[in-house]
Number of protein chains: 4
Amino acid sequence: MNKAILIIQCPDQRGIVAAVSDFLFQNGGNILEVDQYVDQEAKRFFMRACWDLDSFALEKDNISEKFSKEVAEEFEMDFTLHFNQPKARMAVFVSKQSHCLFDILSRHHSGQLEVEIPLVISNHNHLRGVVEAFNIPFHHIPVSKENKIQAEREQLRLLSENKIDFVVLARYMQIVSPEFISHFPNRIINIHHSFLPAFVGAKPYHAAFERGVKIIGATAHYVTEELDAGPIIEQEVARVRHHNDVSDLVQIGQDVEKVVLSRAIRSHLDRKVMVFKNRTIIFY
Amino acid sequence: MNKAILIIQCPDQRGIVAAVSDFLFQNGGNILEVDQYVDQEAKRFFMRACWDLDSFALEKDNISEKFSKEVAEEFEMDFTLHFNQPKARMAVFVSKQSHCLFDILSRHHSGQLEVEIPLVISNHNHLRGVVEAFNIPFHHIPVSKENKIQAEREQLRLLSENKIDFVVLARYMQIVSPEFISHFPNRIINIHHSFLPAFVGAKPYHAAFERGVKIIGATAHYVTEELDAGPIIEQEVARVRHHNDVSDLVQIGQDVEKVVLSRAIRSHLDRKVMVFKNRTIIFY
Amino acid sequence: MNKAILIIQCPDQRGIVAAVSDFLFQNGGNILEVDQYVDQEAKRFFMRACWDLDSFALEKDNISEKFSKEVAEEFEMDFTLHFNQPKARMAVFVSKQSHCLFDILSRHHSGQLEVEIPLVISNHNHLRGVVEAFNIPFHHIPVSKENKIQAEREQLRLLSENKIDFVVLARYMQIVSPEFISHFPNRIINIHHSFLPAFVGAKPYHAAFERGVKIIGATAHYVTEELDAGPIIEQEVARVRHHNDVSDLVQIGQDVEKVVLSRAIRSHLDRKVMVFKNRTIIFY
Amino acid sequence: MNKAILIIQCPDQRGIVAAVSDFLFQNGGNILEVDQYVDQEAKRFFMRACWDLDSFALEKDNISEKFSKEVAEEFEMDFTLHFNQPKARMAVFVSKQSHCLFDILSRHHSGQLEVEIPLVISNHNHLRGVVEAFNIPFHHIPVSKENKIQAEREQLRLLSENKIDFVVLARYMQIVSPEFISHFPNRIINIHHSFLPAFVGAKPYHAAFERGVKIIGATAHYVTEELDAGPIIEQEVARVRHHNDVSDLVQIGQDVEKVVLSRAIRSHLDRKVMVFKNRTIIFY
């Protein structure tokens with residue numbers, strides 16, 4: 001089905017739902033999903049509406065302008081318009097660990113993720129085999145202190161060339177620069193292997209073991225300038241016991257990481273994630 | 001805050017959201033929450049809208065009629081209108097086990113449940129002390145094979161006299177008759193101590209132990225004529241191990257029962273539960 | 001059943017299990033449960049053995065000395081010996097919030113917790129009614145900056161007078177002094193309303209909301225000098241969503257706190273918790 | 001590390017732990033793990049002991065006979081002896097669905113599963129590519145009503161030829177015969193895509209949708225003659241909502257199936273699963 005998705009946020013006031021749904025109805029839109037949320041404290045309104053494009057009166061290219069004039073301006077809306085066709089284009093960044101990459105590729109392979117994966121970029125060459133077995137181009141761009149700026153330029157060139165919509169850091173063990181992030185605001189998803197905000201930074205499983213926690217977790221979040229502090233998209237946990245050493249935690253945690261990351265990608269792809277004040281609103 | 005809640009289901013077609021939200025907007029309604037769902041296979045539309053009554057142009061008593069004429073008829077809607085004030089009135093039925101009753105009373109006491117509890121009815125006298133300690137009238141109506149019809153009549157009389165909106169069977173170990181149910185369609189909530197549809201009927205923890213399951217559960221559902229087969233409102237589970245005997249299962253299960261039942265009561269109170277084809281749509 | 005429980009830790013070496021089980025066998029002990037764990041890195045051995053006292057050849061008062069001479073000395077064991085009869089004696093400290101206290105009292109009432117509760121101590125008078133309804137003495141000891149030392153002395157006097165074995169801080173909103181802790185090493189259980197080590201200190205639900213986490217939690221731990229940094233006994237979590245405000249988090253979290261605290265009390269009572277290097281070994 | 005694992009069950013009586021641990025100690029065994037459980041009702045004793053072989057006085061080939069004479073006979077023990085080297089040999093049976101197979105292969109590839117996979121057998125040819133990409137022999141043995149007996153003979157021949165220790169049915173959509181099962185008692189692990197005993201048989205996700213459950217699950221069990229009724233090894237669940245249709249359930253469920261099956265394989269490999277009265281005792 002050809003769908004359009006409208007994502008809106010604006011100051012809260014009366015009549016927004018009526019105005020949006022009226023606009024869609026007047027143009028023959030069959031609403032499939034509509035979700036709405038008001039942050040009562042901030043007096044801010046959030047909405048997601050999804051409708052069937054096939055019988056819609058407006059051409060794809062005209063919707064945005066018309067909606068802007070007839071609805072958005074009056075309500076001072078920030079809005080974006082998306083279509084499920086053509087599919088979004090996702091780049092995957094990895095280092096040496098394969099579990100998240102593998103999980104993404106197998107879900108993609110089985111049709112679970114409605115996305116194009118035009119390329120995988122890695123600072124190591126280890127996972128080339130796996131990636132190419134799935135017929136996806138693999139780019140090895142080594143990163144060191146010295147060449148970091150240059151390496152990121154090369155990465156950005158490839159992303160631009162491949163018209164990438166968003167980036168997934170699937171256990172990519174490098175910190176990306178503010179410059180890099182500025183090209184993909186709220187469009188870089190990272191998986192951190194702890195239940196944030198606990199255990200920010202390196203070696204969270206070691207830290208979790210040292211602290212003696214009974215539950216470990218993983219967190220998918222949008223990357224912002226501050227390390228591991230961006231808006232959280234999804235979290236999940238698993239129970240551990242005293243006899244689990246660090247390597248057990250790593251292994252148990254990997255299952256959690258995979259699930260959390262794939263759910264975050266799915267929510268992002270379905271345009272169900274909105275960001276406000278470093279928190280996410282997630283309709284589902 | 002004085003709120004109104006409109007619960008709608010009707011055949012799916014275009015313009016429903018627009019028509020409803022327009023009606024509310026035209027009458028000065030400030031929409032607080034709106035949820036919508038379409039059963040694509042059955043082509044059926046479900047909606048819940050909640051708005052602030054304080055600035056609403058219509059009197060409470062006139063909303064229903066006006067909405068019926070101006071919107072509902074055209075779309076062949078089944079709808080109900082609810083207000084959060086005055087509070088709904090809930091009757092609790094118990095037998096000898098106290099954990100669910102206790103949980104309800106303590107949540108009520110702490111203000112977690114926005115409901116009136118005008119009475120507790122029991123086929124035993126065991127829990128009178130607990131109930132009266134919370135200053136709630138306790139009615140002991142013994143039930144036997146012989147007096148069952150009479151006992152239910154007495155129960156119904158009390159429910160009617162106390163203007164009860166809905167009934168909670170908090171481990172009430174009697175099967176209620178179709179006649180009784182017909183007075184409260186989708187308004188009797190039962191807690192069953194298994195993960196339905198597994199272990200229907202009596203002694204589910206024994207059956208779970210015999211089968212050697214690794215996870216037990218509890219299910220809150222609306223009572224229908226068929227035993228333990230009504231629309232499921234909420235379920236939750238807990239992990240068990242080989243060294244847990246039946247009495248452990250009972251104890252572990254009680255924690256699950258309490259949580260499941262209180263969540264179901266909460267969803268029902270918030271008018272977030274709709275029933276269609278023996279399934280529930282739950283907005284939250 | 002009259003049971004004895006032996007809790008052992010010592011440097012790891014061969015023959016420990018054999019020596020302990022032999023000692024029990026030679027004295028006619030019927031082993032009910034035996035659990036063992038070796039911290040391979042620290043080369044430290046941990047064991048818990050539980051046996052039926054009824055047919056045991058040794059008098060309760062002689063077991064410790066005999067075990068010490070015949071087994072413990074050779075292996076340089078730290079060991080403690082416990083009996084399930086008479087029941088352990090637990091003091092509960094509370095402030096104004098009732099949910100954890102209520103939960104403990106109702107479990108105690110229904111026979112789920114095999115413990116004596118000789119008294120409840122509070123820095124406020126709010127919960128006197130609830131406690132006295134359960135026929136448990138309630139002691140109001142106000143605590144201020146000025147009288148803190150004096151107040152703790154009074155608390156310690158009551159604990160000593162009532163032969164208290166361990167203390168539960170059931171949302172007691174005061175920091176206890178190192179002096180106080182030294183009287184009950186690894187015998188003060190606190191419930192902290194966050195998933196530690198995230199959100200140490202005051203107002204964790206507010207902090208969780210600000211950070212936008214998708215899962216909240218609670219942690220039961222032994223109290224040590226460093227705030228919220230003692231050995232973790234139990235943790236549990238619950239999922240939250242963007243539409244949950246701080247008061248929702250508080251309410252959802254309370255259900256988690258109750259469950260976590262009661263599990264921790266249960267493990268402690270069953271002598272299944274051992275502490276090593278600020279971590280807990282928990283046999284179950 | 002070279003380990004030996006002894007799995008014992010026998011009528012409960014005094015002195016079993018002492019006798020076994022003494023035997024190991026006398027022969028220089030360094031016990032790594034010991035777990036024990038008594039079914040009080042059935043008066044049956046279960047034990048698992050794992051020790052370091054490197055410093056053990058007995059040759060691998062002599063342990064069984066010596067243990068039998070010196071310990072097992074006296075206590076009427078059923079016991080089996082296992083070694084972690086050489087690795088156990090596992091056959092995987094699949095049909096068309098790839099998610100469980102993929103998960104097993106990637107865990108095997110990353111070293112998470114200490115097992116040999118000498119072959120994969122399928123009644124379809126669909127997954128040949130995936131399997132051979134991992135350099136594992138793939139055998140296509142079509143199964144129909146007519147050739148079923150013959151097909152199973154061919155399967156058994158391959159299993160025997162490859163010295164297979166146990167079989168995993170990774171969404172193998174055929175019912176195996178009692179004859180086949182008799183060759184691998186409690187050594188065929190099946191993953192059923194429901195929370196057993198709910199939804200036995202075909203199309204459990206459809207049945208779960210129809211019943212309107214709020215939680216779905218998956219179950220790994222040993223295969224016995226009665227369909228989906230064998231001893232349960234592991235179960236896990238996931239939450240679903242009204243807007244999830246059958247295809248969503250399938251997708252959500254697949255994540256659960258993978259995790260459950262891999263945990264069951266892991267427990268089986270570690271010799272932590274014992275079967276008694278159609279239930280499992282699982283030490284971990």
# chains A, B, ... in the order shown; residues from 1 in each chain; ligands from 1

call {"tool": "select_by_dssp", "arguments": {"residues": "stretch 226-283 of chain C", "states": "helix (DSSP H, G or I)", "output": "number ranges by chain"}}
result
C: 246-269

call {"tool": "select_by_dssp", "arguments": {"residues": "stretch 217-277 of chain C", "states": "strand (DSSP E or B)", "output": "ChimeraX atom specification"}}
result
/C:217-222,232-239,273-276

call {"tool": "residues_around", "arguments": {"residues": "C:Gly217", "least_positions_apart": "2", "cutoff": "12 Å", "atoms": "only C-alpha atoms", "output": "ChimeraX atom specification"}}
result
/A:195,198,213-217,236-237 /C:191-199,204-205,208,213-215,219-220,234-240,249-261

call {"tool": "residues_around", "arguments": {"residues": "stretch 95-109 of chain D", "least_positions_apart": "4", "cutoff": "9 Å", "atoms": "only C-alpha atoms", "output": "count of residues only"}}
result
34

call {"tool": "residues_around", "arguments": {"residues": "B:Ala57", "least_positions_apart": "3", "cutoff": "10 Å", "atoms": "only C-alpha atoms", "output": "JSON, numbers by chain"}}
result
{"B": [24, 25, 26, 27, 28, 29, 53, 54, 60, 63]}

call {"tool": "closest_atom_pairs", "arguments": {"of": "chain B", "to": "chain A", "cutoff": "6 Å", "atoms": "only C-alpha atoms", "output": "CSV"}}
result
residue,atom,partner,partner_atom,distance
B:Arg14,CA,A:Asn30,CA,5.3
B:Gly15,CA,A:Phe25,CA,5.3
B:Ala18,CA,A:Ser21,CA,4.7
B:Ser21,CA,A:Ala18,CA,4.7
B:Asp22,CA,A:Ala18,CA,5.0
B:Phe25,CA,A:Gly15,CA,5.3
B:Asn30,CA,A:Arg14,CA,5.3

call {"tool": "residues_around", "arguments": {"residues": "A:Met77", "least_positions_apart": "2", "cutoff": "7 Å", "atoms": "only C-alpha atoms", "output": "PyMOL selection string"}}
result
chain A and resi 8-10+72-73+75+79

call {"tool": "atom_distance", "arguments": {"atom1": "atom CA of A:Glu76", "atom2": "atom CA of A:Pro11"}}
result
7.2 Å

call {"tool": "atom_distance", "arguments": {"atom1": "atom CA of D:Glu226", "atom2": "atom CA of D:Thr80"}}
result
25.8 Å

call {"tool": "atom_distance", "arguments": {"atom1": "atom CA of C:Ala49", "atom2": "atom CA of C:Leu6"}}
result
5.2 Å
